[in-house]
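Asker: Sharing input-v9.cif, mmCIF, C-alpha atoms:
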data_model
#
loop_
_atom_site.label_atom_id
_atom_site.label_comp_id
_atom_site.auth_asym_id
_atom_site.auth_seq_id
_atom_site.Cartn_x
_atom_site.Cartn_y
_atom_site.Cartn_z
CA MET A 40 208.01 262.19 64.40
CA TRP A 41 208.16 258.51 65.40
CA ARG A 42 210.53 259.33 68.22
CA VAL A 43 208.08 261.93 69.60
CA LYS A 44 205.19 259.44 69.27
CA VAL A 45 207.13 256.74 71.14
CA VAL A 46 208.22 259.13 73.92
CA GLY A 47 204.65 260.48 74.20
CA LEU A 48 203.13 256.99 74.40
CA GLY A 49 205.84 255.95 76.88
CA VAL A 50 204.97 258.86 79.19
CA VAL A 51 201.25 258.06 78.92
CA ALA A 52 201.88 254.36 79.68
CA LEU A 53 204.08 255.27 82.67
CA SER A 54 201.53 257.72 83.99
CA LEU A 55 198.66 255.21 83.66
CA SER A 56 200.79 252.49 85.32
CA LEU A 57 201.49 254.82 88.24
CA GLU A 58 197.75 255.57 88.49
CA LEU A 59 196.96 251.82 88.52
CA LEU A 60 199.68 251.08 91.09
CA GLY A 61 198.45 253.92 93.29
CA TRP A 62 194.89 252.58 93.10
CA LEU A 63 195.98 249.03 93.94
CA PHE A 64 198.25 250.22 96.76
CA GLY A 65 195.47 252.44 98.04
CA ARG A 66 193.07 249.48 98.10
CA VAL A 67 195.53 247.39 100.09
CA ARG A 68 196.45 250.22 102.45
CA HIS A 69 192.91 251.47 102.95
CA ARG A 70 191.20 248.10 103.35
CA ARG A 71 188.04 248.92 105.25
CA PRO A 72 188.40 247.72 108.83
CA LEU A 73 185.65 245.68 110.43
CA ASN A 74 183.68 247.86 112.85
CA LYS A 75 180.48 246.52 114.38
CA VAL A 76 178.39 247.44 117.39
CA LEU A 77 175.96 245.09 119.14
CA PHE A 78 173.38 246.17 121.69
CA PHE A 79 171.77 244.14 124.42
CA PRO A 80 169.51 242.78 125.89
CA SER A 81 169.49 240.24 123.09
CA LYS A 82 166.45 238.41 121.83
CA VAL A 83 166.42 234.81 123.03
CA ALA A 84 166.79 232.21 120.27
CA CYS A 85 168.13 228.70 119.78
CA LEU A 86 171.94 228.76 119.40
CA GLU A 87 172.48 225.05 118.71
CA HIS A 88 173.41 225.63 115.05
CA LEU A 89 176.43 227.68 116.20
CA PHE A 90 177.82 224.84 118.30
CA SER A 91 176.80 221.75 116.39
CA PRO A 92 175.19 222.12 112.95
CA LYS A 93 174.40 218.37 112.91
CA THR A 94 172.48 218.35 116.22
CA ALA A 95 170.77 221.63 115.30
CA ARG A 96 168.81 219.92 112.48
CA SER A 97 167.06 217.72 115.02
CA CYS A 98 166.65 220.42 117.69
CA PHE A 99 163.03 220.78 118.76
CA CYS A 100 163.57 223.16 121.70
CA PRO A 101 160.79 225.74 122.12
CA LEU A 102 163.07 228.70 121.30
CA PRO A 103 162.84 230.43 117.89
CA HIS A 104 165.16 228.80 115.34
CA GLY A 105 167.21 230.42 112.57
CA VAL A 106 166.98 233.87 114.17
CA GLU A 107 170.05 236.14 114.15
CA THR A 108 170.40 238.04 117.45
CA SER A 109 173.03 240.26 119.09
CA PHE A 110 174.12 237.28 121.16
CA SER A 111 174.35 234.89 118.19
CA ARG A 112 176.48 237.51 116.37
CA LEU A 113 178.76 237.82 119.42
CA LEU A 114 179.10 234.03 119.63
CA ARG A 115 179.77 233.78 115.89
CA HIS A 116 182.70 236.22 116.14
CA LEU A 117 184.06 234.39 119.17
CA LEU A 118 183.76 231.01 117.46
CA SER A 119 185.64 232.36 114.43
CA ALA A 120 188.89 231.95 116.43
CA SER A 121 191.21 229.55 114.63
CA SER A 122 194.52 229.94 116.48
CA SER A 123 194.19 231.93 119.73
CA LEU A 124 191.72 233.52 122.11
CA ASP A 125 192.76 235.84 124.94
CA LEU A 126 189.99 236.62 127.42
CA CYS A 127 190.02 239.27 130.12
CA VAL A 128 186.62 239.09 131.78
CA PHE A 129 185.42 240.42 135.14
CA SER A 130 182.39 238.15 135.57
CA PHE A 131 182.03 234.94 133.56
CA SER A 132 179.00 232.79 134.35
CA ASN A 133 177.21 232.57 130.99
CA MET A 134 176.90 228.89 130.02
CA ASP A 135 176.70 229.51 126.26
CA LEU A 136 179.86 231.64 126.30
CA SER A 137 181.56 228.97 128.41
CA ARG A 138 180.44 226.30 125.91
CA ALA A 139 181.91 228.36 123.06
CA VAL A 140 185.27 228.69 124.84
CA LEU A 141 185.35 224.95 125.65
CA LEU A 142 184.51 224.11 122.02
CA LEU A 143 187.39 226.27 120.78
CA HIS A 144 189.71 224.60 123.31
CA GLN A 145 188.66 221.17 122.00
CA LYS A 146 189.41 222.35 118.47
CA GLY A 147 192.98 223.21 119.51
CA VAL A 148 192.68 226.99 119.79
CA THR A 149 195.20 228.33 122.35
CA ILE A 150 193.13 229.97 125.07
CA ARG A 151 194.23 232.19 127.95
CA VAL A 152 191.70 233.49 130.46
CA LEU A 153 192.34 236.29 132.94
CA GLY A 154 189.63 236.70 135.57
CA ASP A 155 188.93 238.81 138.63
CA LYS A 156 190.09 237.18 141.86
CA ASP A 157 186.77 237.70 143.70
CA TYR A 158 184.34 237.09 140.85
CA SER A 159 186.15 233.93 139.71
CA ALA A 160 185.20 232.31 143.02
CA ILE A 161 181.48 233.14 143.13
CA THR A 162 178.78 230.52 142.60
CA GLY A 163 178.08 229.95 138.92
CA SER A 164 181.42 231.31 137.72
CA GLN A 165 182.73 229.35 134.74
CA ILE A 166 186.38 230.13 135.48
CA GLY A 167 186.78 226.89 137.50
CA VAL A 168 185.07 224.88 134.73
CA LEU A 169 187.51 226.25 132.16
CA ARG A 170 190.49 225.54 134.42
CA LYS A 171 189.31 221.94 134.98
CA ALA A 172 189.04 221.50 131.20
CA GLY A 173 192.76 222.29 130.91
CA ILE A 174 192.48 225.92 129.82
CA CYS A 175 195.18 228.23 131.13
CA VAL A 176 193.56 230.55 133.66
CA ARG A 177 195.00 233.34 135.83
CA CYS A 178 193.29 235.65 138.29
CA ASP A 179 194.21 239.28 138.72
CA SER A 180 195.24 240.09 142.25
CA GLY A 181 196.68 243.57 141.88
CA SER A 182 193.57 245.71 141.72
CA VAL A 183 190.26 246.22 143.52
CA HIS A 184 188.51 244.79 140.47
CA MET A 185 189.79 243.48 137.15
CA HIS A 186 186.77 245.06 135.47
CA HIS A 187 187.69 244.51 131.80
CA LYS A 188 185.36 242.53 129.57
CA PHE A 189 187.34 242.00 126.38
CA ALA A 190 188.47 239.22 124.09
CA VAL A 191 191.14 239.21 121.39
CA VAL A 192 190.49 236.64 118.66
CA ASP A 193 193.51 235.35 116.68
CA GLY A 194 195.50 238.45 117.69
CA ARG A 195 193.50 240.55 115.22
CA LEU A 196 189.87 240.98 116.32
CA LEU A 197 188.85 242.86 119.45
CA ILE A 198 185.54 242.19 121.20
CA THR A 199 184.95 244.65 124.05
CA GLY A 200 182.25 246.68 125.74
CA SER A 201 180.13 247.02 128.86
CA LEU A 202 178.83 243.44 128.76
CA ASN A 203 179.96 241.04 131.45
CA TRP A 204 179.80 237.40 130.38
CA THR A 205 176.66 236.64 132.41
CA LEU A 206 173.12 235.61 131.55
CA GLN A 207 171.68 238.80 133.05
CA ALA A 208 173.95 241.00 130.93
CA VAL A 209 172.95 239.16 127.74
CA GLN A 210 169.22 238.82 128.36
CA SER A 211 168.19 241.60 130.76
CA ASN A 212 170.58 244.57 130.86
CA ARG A 213 171.18 247.40 128.43
CA GLU A 214 174.71 246.69 127.24
CA ASN A 215 177.01 247.25 124.30
CA ILE A 216 179.73 245.31 122.51
CA LEU A 217 182.16 246.71 119.96
CA ILE A 218 183.78 244.36 117.47
CA THR A 219 186.70 245.77 115.51
CA ASP A 220 189.87 244.75 113.71
CA GLU A 221 191.11 248.36 113.57
CA ALA A 222 194.79 247.90 114.53
CA GLU A 223 194.94 251.19 116.48
CA LEU A 224 192.23 249.82 118.79
CA VAL A 225 193.23 246.14 118.86
CA GLN A 226 196.98 246.57 119.49
CA PRO A 227 196.70 248.41 122.85
CA PHE A 228 194.39 245.66 124.14
CA ILE A 229 196.85 242.96 123.02
CA GLU A 230 199.63 244.78 124.87
CA GLU A 231 197.45 245.28 127.97
CA PHE A 232 196.58 241.59 127.98
CA HIS A 233 200.27 240.60 127.76
CA ARG A 234 201.11 243.03 130.57
CA LEU A 235 198.37 241.74 132.88
CA TRP A 236 199.07 238.11 131.98
CA ALA A 237 202.75 238.50 132.92
CA LEU A 238 201.86 240.53 136.02
CA ASN A 239 199.67 237.70 137.30
CA ASP A 240 202.04 234.85 136.50
CA PRO A 241 201.85 232.58 139.60
CA ALA A 242 205.63 231.97 139.40
CA ARG A 243 206.23 235.71 139.66
CA LEU A 244 203.70 236.09 142.48
CA TYR A 245 205.20 233.21 144.53
CA LYS A 246 208.66 234.77 144.19
CA GLN A 247 207.34 237.90 145.89
CA LEU A 248 206.13 235.93 148.94
CA MET B 119 204.60 266.22 64.47
CA TRP B 120 203.30 269.22 66.51
CA ARG B 121 199.82 267.64 66.59
CA VAL B 122 201.25 264.41 68.06
CA LYS B 123 203.25 266.41 70.61
CA VAL B 124 200.18 268.41 71.67
CA VAL B 125 197.97 265.31 71.93
CA GLY B 126 200.70 263.47 73.88
CA LEU B 127 201.19 266.35 76.30
CA GLY B 128 197.40 266.72 76.66
CA VAL B 129 197.05 263.06 77.66
CA VAL B 130 199.93 263.38 80.14
CA ALA B 131 198.39 266.55 81.64
CA LEU B 132 194.97 264.85 81.91
CA SER B 133 196.47 261.77 83.50
CA LEU B 134 198.47 263.80 86.03
CA SER B 135 195.40 265.91 86.84
CA LEU B 136 193.38 262.73 87.50
CA GLU B 137 196.21 261.46 89.72
CA LEU B 138 196.21 264.74 91.68
CA LEU B 139 192.42 264.79 91.99
CA GLY B 140 192.43 261.15 93.14
CA TRP B 141 195.08 261.96 95.75
CA LEU B 142 193.19 264.99 97.03
CA PHE B 143 189.86 263.10 97.07
CA GLY B 144 191.56 260.15 98.74
CA ARG B 145 192.94 262.42 101.45
CA VAL B 146 189.49 263.82 102.16
CA ARG B 147 187.76 260.43 102.01
CA HIS B 148 190.42 258.54 103.93
CA ARG B 149 191.04 261.10 106.68
CA ARG B 150 192.48 259.03 109.46
CA PRO B 151 189.85 258.55 112.15
CA LEU B 152 190.74 259.25 115.78
CA ASN B 153 191.18 255.95 117.62
CA LYS B 154 192.56 255.98 121.15
CA VAL B 155 192.55 253.54 124.04
CA LEU B 156 193.05 254.50 127.68
CA PHE B 157 193.72 252.04 130.49
CA PHE B 158 193.03 252.41 134.17
CA PRO B 159 193.73 252.65 137.10
CA SER B 160 195.01 256.09 136.31
CA LYS B 161 197.87 257.80 138.09
CA VAL B 162 196.62 260.47 140.45
CA ALA B 163 197.57 264.03 139.49
CA CYS B 164 196.28 267.57 139.89
CA LEU B 165 193.53 268.27 137.34
CA GLU B 166 192.93 271.94 138.15
CA HIS B 167 194.48 273.15 134.86
CA LEU B 168 191.75 271.31 132.95
CA PHE B 169 188.96 273.12 134.76
CA SER B 170 190.43 276.53 135.43
CA PRO B 171 193.81 277.44 133.90
CA LYS B 172 193.87 280.68 135.96
CA THR B 173 193.39 278.96 139.34
CA ALA B 174 195.81 276.18 138.35
CA ARG B 175 198.74 278.62 138.33
CA SER B 176 198.27 279.20 142.06
CA CYS B 177 197.42 275.60 142.92
CA PHE B 178 199.66 274.25 145.67
CA CYS B 179 197.85 270.96 146.30
CA PRO B 180 200.18 268.04 147.15
CA LEU B 181 199.35 266.11 143.94
CA PRO B 182 201.83 266.02 141.03
CA HIS B 183 201.29 268.95 138.61
CA GLY B 184 201.59 269.00 134.84
CA VAL B 185 201.33 265.23 134.57
CA GLU B 186 199.30 263.69 131.73
CA THR B 187 197.33 260.63 132.92
CA SER B 188 194.63 258.34 131.50
CA PHE B 189 192.08 260.27 133.53
CA SER B 190 193.31 263.72 132.42
CA ARG B 191 193.12 262.51 128.79
CA LEU B 192 189.56 261.27 129.35
CA LEU B 193 188.57 264.61 130.91
CA ARG B 194 190.24 266.54 128.10
CA HIS B 195 188.18 264.72 125.46
CA LEU B 196 185.01 265.24 127.48
CA LEU B 197 185.74 268.93 127.98
CA SER B 198 186.29 269.33 124.22
CA ALA B 199 182.47 269.34 123.81
CA SER B 200 181.35 272.61 122.24
CA SER B 201 177.72 271.96 121.32
CA SER B 202 176.33 268.75 122.85
CA LEU B 203 177.09 265.93 125.25
CA ASP B 204 174.94 262.81 125.53
CA LEU B 205 175.75 260.61 128.53
CA CYS B 206 174.52 257.10 129.18
CA VAL B 207 176.17 256.01 132.41
CA PHE B 208 175.31 253.19 134.82
CA SER B 209 177.07 254.54 137.91
CA PHE B 210 178.06 258.21 138.16
CA SER B 211 179.64 259.32 141.44
CA ASN B 212 183.02 260.69 140.33
CA MET B 213 183.26 264.33 141.45
CA ASP B 214 185.78 265.37 138.76
CA LEU B 215 183.62 263.94 135.98
CA SER B 216 180.61 265.65 137.54
CA ARG B 217 182.55 268.94 137.68
CA ALA B 218 183.43 268.58 134.00
CA VAL B 219 179.78 268.03 133.03
CA LEU B 220 178.65 271.01 135.16
CA LEU B 221 181.36 273.21 133.58
CA LEU B 222 180.17 272.27 130.09
CA HIS B 223 176.58 273.01 131.14
CA GLN B 224 177.65 276.47 132.36
CA LYS B 225 179.35 277.07 129.01
CA GLY B 226 176.07 276.41 127.20
CA VAL B 227 176.72 272.87 125.93
CA THR B 228 173.42 270.97 125.58
CA ILE B 229 173.66 268.01 127.93
CA ARG B 230 171.43 264.97 128.27
CA VAL B 231 172.10 262.33 130.90
CA LEU B 232 170.55 258.88 130.98
CA GLY B 233 171.17 256.95 134.21
CA ASP B 234 170.22 253.66 135.77
CA LYS B 235 167.11 253.88 137.95
CA ASP B 236 168.70 252.11 140.96
CA TYR B 237 172.23 253.52 140.75
CA SER B 238 170.99 257.09 140.27
CA ALA B 239 169.49 256.94 143.77
CA ILE B 240 172.48 255.59 145.72
CA THR B 241 174.52 257.74 148.12
CA GLY B 242 177.17 259.73 146.30
CA SER B 243 175.47 259.55 142.90
CA GLN B 244 175.94 262.77 140.95
CA ILE B 245 172.75 262.32 138.93
CA GLY B 246 170.73 264.39 141.44
CA VAL B 247 173.43 267.10 141.47
CA LEU B 248 173.26 267.39 137.67
CA ARG B 249 169.45 267.49 137.74
CA LYS B 250 169.47 270.27 140.36
CA ALA B 251 171.88 272.25 138.18
CA GLY B 252 169.25 272.25 135.42
CA ILE B 253 170.71 269.46 133.27
CA CYS B 254 168.15 267.26 131.54
CA VAL B 255 168.28 263.84 133.22
CA ARG B 256 166.28 260.67 132.61
CA CYS B 257 166.50 257.28 134.29
CA ASP B 258 166.07 254.01 132.47
CA SER B 259 163.26 251.91 133.88
CA GLY B 260 162.89 249.22 131.24
CA SER B 261 165.77 246.90 132.09
CA VAL B 262 167.36 245.16 135.06
CA HIS B 263 170.36 247.49 134.68
CA MET B 264 171.14 250.29 132.24
CA HIS B 265 174.76 249.13 132.22
CA HIS B 266 176.15 251.36 129.44
CA LYS B 267 179.03 253.72 130.20
CA PHE B 268 179.30 255.86 127.10
CA ALA B 269 179.35 259.50 126.07
CA VAL B 270 178.86 261.10 122.66
CA VAL B 271 180.61 264.47 122.32
CA ASP B 272 179.21 266.93 119.73
CA GLY B 273 177.54 264.04 117.89
CA ARG B 274 180.92 262.94 116.51
CA LEU B 275 183.17 261.53 119.24
CA LEU B 276 182.40 258.34 121.14
CA ILE B 277 183.84 257.66 124.59
CA THR B 278 182.97 254.16 125.80
CA GLY B 279 184.38 251.20 127.69
CA SER B 280 184.24 249.22 130.90
CA LEU B 281 184.78 252.24 133.16
CA ASN B 282 181.91 253.38 135.34
CA TRP B 283 182.10 257.05 136.27
CA THR B 284 183.22 256.36 139.86
CA LEU B 285 186.37 257.11 141.84
CA GLN B 286 187.08 253.40 142.34
CA ALA B 287 186.92 252.72 138.59
CA VAL B 288 189.34 255.57 137.84
CA GLN B 289 191.84 255.04 140.66
CA SER B 290 191.64 251.36 141.67
CA ASN B 291 190.17 249.06 139.01
CA ARG B 292 191.60 247.68 135.81
CA GLU B 293 189.43 249.38 133.19
CA ASN B 294 189.47 250.51 129.59
CA ILE B 295 188.11 253.44 127.61
CA LEU B 296 187.92 253.67 123.82
CA ILE B 297 187.78 257.09 122.19
CA THR B 298 186.87 257.13 118.52
CA ASP B 299 185.30 259.31 115.84
CA GLU B 300 184.98 256.36 113.43
CA ALA B 301 181.44 256.92 112.08
CA GLU B 302 180.68 253.19 111.89
CA LEU B 303 181.21 252.98 115.66
CA VAL B 304 179.81 256.38 116.70
CA GLN B 305 176.56 256.30 114.70
CA PRO B 306 175.05 253.16 116.33
CA PHE B 307 175.67 254.69 119.78
CA ILE B 308 173.98 257.95 118.71
CA GLU B 309 170.97 255.96 117.50
CA GLU B 310 170.90 253.84 120.68
CA PHE B 311 171.01 256.99 122.82
CA HIS B 312 168.09 258.52 120.88
CA ARG B 313 166.12 255.28 121.22
CA LEU B 314 166.69 255.00 124.98
CA TRP B 315 166.12 258.71 125.52
CA ALA B 316 162.72 258.55 123.79
CA LEU B 317 161.87 255.27 125.53
CA ASN B 318 162.40 256.89 128.92
CA ASP B 319 160.57 260.15 128.20
CA PRO B 320 158.53 260.78 131.39
CA ALA B 321 155.58 262.02 129.26
CA ARG B 322 155.52 258.67 127.47
CA LEU B 323 155.89 256.72 130.71
CA TYR B 324 153.04 258.62 132.45
CA LYS B 325 150.75 257.91 129.48
CA GLN B 326 151.28 254.19 130.07
CA LEU B 327 150.07 254.45 133.70
#
Translate the structure of the given file into structure tokens.

Answerer:
Amino acid sequence: MWRVKVVGLGVVALSLSLELLGWLFGRVRHRRPLNKVLFFPSKVACLEHLFSPKTARSCFCPLPHGVETSFSRLLRHLLSASSSLDLCVFSFSNMDLSRAVLLLHQKGVTIRVLGDKDYSAITGSQIGVLRKAGICVRCDSGSVHMHHKFAVVDGRLLITGSLNWTLQAVQSNRENILITDEAELVQPFIEEFHRLWALNDPARLYKQL
Amino acid sequence: MWRVKVVGLGVVALSLSLELLGWLFGRVRHRRPLNKVLFFPSKVACLEHLFSPKTARSCFCPLPHGVETSFSRLLRHLLSASSSLDLCVFSFSNMDLSRAVLLLHQKGVTIRVLGDKDYSAITGSQIGVLRKAGICVRCDSGSVHMHHKFAVVDGRLLITGSLNWTLQAVQSNRENILITDEAELVQPFIEEFHRLWALNDPARLYKQL
């Protein structure tokens, strides 16, 4: 009888262990991906606390303070970069977005910026500012327009949508931004960035001349 | 001894049943969402088979036949609509995309199109063509630009990205399109469409005059 009891209990213990393992494995495998959507135009609010928490305490600008907006959420995700930021942006003239990229560069985040050849040269474009600050910048020359507007943060978070990095897009247009760490969506953008980055390597382009 | 055996076997059976139920429930709950990314410019190929399989057999146009491209994939997802199609597109002049929308309209799919007030009036815009065909069209008048470029198919599939619905975007620009049925991404776009559609109801706008 004892042998039967022991075998029975053994089977139960094994079965429960398998159940527990399956649950744990399932939790790891099915970790919920981050999926967010932001719509614009964004409300206008003070953003100082995102750039410099110290200065923000003594900020008396007339804009509303402590208000979460679509734009502050976008900036927050961008500023979460700790190792790398790959940008592929058609039009980049927004000063706050430029400030965020410069801040990350100062913090040691490896930044690569791919812009459109025509829009990088227009008045107000921040591409030249980023280049002067020492950020690695390339301009796409193989298409009518390099019309992407995406960022990959730390090789894991994709920020993409209809929104060009301009003041009008943020404050006046109807626009959308998707933020996701779903690998099936992020990975193709990482590969596309690598492809375009290599394609627009000045060394490669000069060789062709 | 028989009682111990029966109890032991009962526990094992219960445990295995729970495991099976958990697996089945997990499969239903964790059905893999559709997540695809398309990049442009697209290769140019004959698309006749997507619109009319009968005509395609006798198509002798000089374009490559039977070739799958980013654009054919985009059209295929669009043409999969069986009940509804909500479009929110800044610039819509691409004749193939217009043909797809008209074909769906002929098949009885309920279509709503929201365009940008300025870009709907430019030469080559298909917005007027769709309106003349009896498709319900509204133009956004409350922003500098209605810059979205998204479609919701049957209230479950989101097609969005940087790509305007123009020939240049499809054949010449660097662009991206995300296709997903991930509810966390689709639902906000459905709600945004409803909001903008109601906001641009002519009856509501006339009342304000």

Asker: Taking all atoms listed in the file into account, which of B:Arg175, B:Asp214, B:Arg292, B:His312 comes nearest Leu153 in chain A?

Answerer: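 Closest to Leu153 in chain A, using all atoms listed in the file: B:Arg292.
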
Asker: If we count all atoms listed in the file, what is near Pro103 in chain A at a cut-off of 8 Å, once residues fewer than 4 positions away on the same chain are taken out, given as number ranges by chain?

Answerer: A: 83-85

Asker: With chain A as the partner and 8 Å as the cut-off, tabulate the residues of chain B that qualify, each row holding the nearest pair of atoms and their distance in Å to one decimal, using all atoms listed in the file, sorted by chain and rising number, as a tab-separated table.

Answerer:
residue	atom	partner	partner_atom	distance
B:Met119	CA	A:Met40	CA	5.3
B:Val122	CA	A:Lys44	CA	6.5
B:Lys123	CA	A:Val43	CA	6.7
B:Gly126	CA	A:Gly47	CA	5.0
B:Leu127	CA	A:Gly47	CA	7.1
B:Val129	CA	A:Val51	CA	6.7
B:Val130	CA	A:Val51	CA	5.6
B:Ser133	CA	A:Ser54	CA	6.5
B:Leu134	CA	A:Ser54	CA	7.1
B:Glu137	CA	A:Glu58	CA	6.2
B:His148	CA	A:His69	CA	7.6
B:Asn153	CA	A:Glu223	CA	6.2
B:Lys154	CA	A:Leu224	CA	6.6
B:Val155	CA	A:Leu224	CA	6.4
B:Ser261	CA	A:Asn212	CA	5.5
B:Val262	CA	A:Asn212	CA	5.3
B:His263	CA	A:Asn212	CA	4.8
B:Met264	CA	A:Arg213	CA	4.8
B:His265	CA	A:Arg213	CA	5.5
B:His266	CA	A:Glu214	CA	5.4
B:Lys267	CA	A:Ser201	CA	6.9
B:Thr278	CA	A:Gly200	CA	7.5
B:Gly279	CA	A:Gly200	CA	5.4
B:Ser280	CA	A:Ser201	CA	5.1
B:Leu281	CA	A:His186	CA	7.8
B:Gln286	CA	A:Val183	CA	7.9
B:Ser290	CA	A:Val183	CA	5.6
B:Asn291	CA	A:His184	CA	4.8
B:Arg292	CA	A:Met185	CA	4.8
B:Glu293	CA	A:His187	CA	5.4
B:Asn294	CA	A:His187	CA	6.6
B:Leu296	CA	A:Leu224	CA	7.7
B:Glu302	CA	A:Asn74	CA	6.2
B:Leu303	CA	A:Asn74	CA	6.3
B:Pro306	CA	A:Val76	CA	6.7

Asker: Tell me which of B:Leu317, B:Ala239, B:Leu285, B:Leu215 sits closest to His195 in chain B, counting all atoms listed in the file.

Answerer: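 Looking only at the distances to His195 in chain B, the closest residue turns out to be B:Leu215.
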
Asker: Give the answer as one residue: which of B:Leu165, B:Leu205, B:Val255, B:Leu275 has the shortest atom-to-atom distance to Thr187 in chain B, using only C-alpha atoms?

Answerer: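 Going through B:Leu165, B:Leu205, B:Val255, B:Leu275 one by one, the smallest distance to Thr187 in chain B is for B:Leu165.
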
Asker: Quick one: pull the distance between CA of Val192 in chain A and CA of Lys93 in chain A, Å, one decimal.

Answerer: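 Separation of CA of Val192 in chain A and CA of Lys93 in chain A: 25.0 Å.
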
Asker: Which residues are near Ile229 in chain A? Cut-off 9 Å, only C-alpha atoms, ignore same chain within fewer than 3 positions. Put them as a short mmCIF file (atom, residue, chain, number, x, y, z; two decimals) with C-alpha atoms, in the frame of the given file.

Answerer:
data_model
loop_
_atom_site.label_atom_id
_atom_site.label_comp_id
_atom_site.auth_asym_id
_atom_site.auth_seq_id
_atom_site.Cartn_x
_atom_site.Cartn_y
_atom_site.Cartn_z
CA ASP A 125 192.76 235.84 124.94
CA VAL A 191 191.14 239.21 121.39
CA GLY A 194 195.50 238.45 117.69
CA ARG A 195 193.50 240.55 115.22
CA LEU A 197 188.85 242.86 119.45
CA VAL A 225 193.23 246.14 118.86
CA GLN A 226 196.98 246.57 119.49
CA PHE A 232 196.58 241.59 127.98
CA HIS A 233 200.27 240.60 127.76
CA ARG A 234 201.11 243.03 130.57
#

Asker: Please compute the CA of Thr205 in chain A-CA of His104 in chain A distance, one decimal, in Å.

Answerer: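 Value for the CA of Thr205 in chain A-CA of His104 in chain A distance: 22.0 Å.
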
Asker: Of the candidates B:Arg322, B:Arg194, B:Lys225, B:Arg217, which one gets nearest to Leu248 in chain B if we count all atoms listed in the file?

Answerer: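 That would be B:Arg217, the residue with the smallest distance to Leu248 in chain B.
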
Asker: To one decimal place, how far is CA of Gly154 in chain A from CA of Phe131 in chain A in Å?

Answerer: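 Taking CA of Gly154 in chain A as the start and CA of Phe131 in chain A as the end point, the length is 8.1 Å.
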
Asker: What's the 10 Å shell around range 251-254 of chain B, counting only C-alpha atoms, without same-chain residues fewer than 3 positions away, as an MDAnalysis selection string?

Answerer: chainID B and resid 219:220 223:224 228:232 245:248

Asker: Please identify all polymer residues within 12 Å of Ser170 in chain B, counting all atoms listed in the file, omitting same-chain residues fewer than 6 positions from it, and present them as a PyMOL selection string.

Answerer: chain B and resi 164+176-177+197+217-218+221

Asker: Adding 5 Å on each side of the box along x, y and z that holds all listed atoms of range 119-133 of chain A, could you give its centre and edge lengths in Å to one decimal, as lines of an AutoDock Vina configuration file?

Answerer:
center_x = 185.9
center_y = 235.0
center_z = 125.0
size_x = 27.3
size_y = 20.9
size_z = 31.1

Asker: Could I get range 169-196 of chain B from the block written as a CSV table (one decimal), in the first residue's frame, with C-alpha atoms?

Answerer:
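Once written, decode_13.csv looks like this:
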chain,number,residue,atom,x,y,z
B,169,PHE,CA,-8.7,43.2,-59.1
B,170,SER,CA,-10.0,40.7,-61.7
B,171,PRO,CA,-8.6,37.1,-61.7
B,172,LYS,CA,-10.5,36.4,-65.0
B,173,THR,CA,-9.0,39.4,-66.9
B,174,ALA,CA,-5.5,38.7,-65.4
B,175,ARG,CA,-5.2,35.5,-67.3
B,176,SER,CA,-5.3,37.4,-70.6
B,177,CYS,CA,-3.2,40.3,-69.4
B,178,PHE,CA,-0.3,40.9,-71.7
B,179,CYS,CA,0.9,44.2,-70.2
B,180,PRO,CA,4.7,44.6,-70.2
B,181,LEU,CA,5.0,44.6,-66.4
B,182,PRO,CA,6.2,41.5,-64.6
B,183,HIS,CA,3.4,39.0,-63.7
B,184,GLY,CA,2.9,36.9,-60.7
B,185,VAL,CA,5.3,38.9,-58.6
B,186,GLU,CA,4.5,39.6,-55.0
B,187,THR,CA,5.6,43.2,-54.0
B,188,SER,CA,5.1,45.5,-51.0
B,189,PHE,CA,2.3,47.2,-52.9
B,190,SER,CA,0.5,44.0,-53.9
B,191,ARG,CA,0.6,42.9,-50.3
B,192,LEU,CA,-0.8,46.3,-49.2
B,193,LEU,CA,-3.6,46.0,-51.8
B,194,ARG,CA,-4.3,42.4,-50.8
B,195,HIS,CA,-4.9,43.4,-47.2
B,196,LEU,CA,-7.1,46.3,-48.2
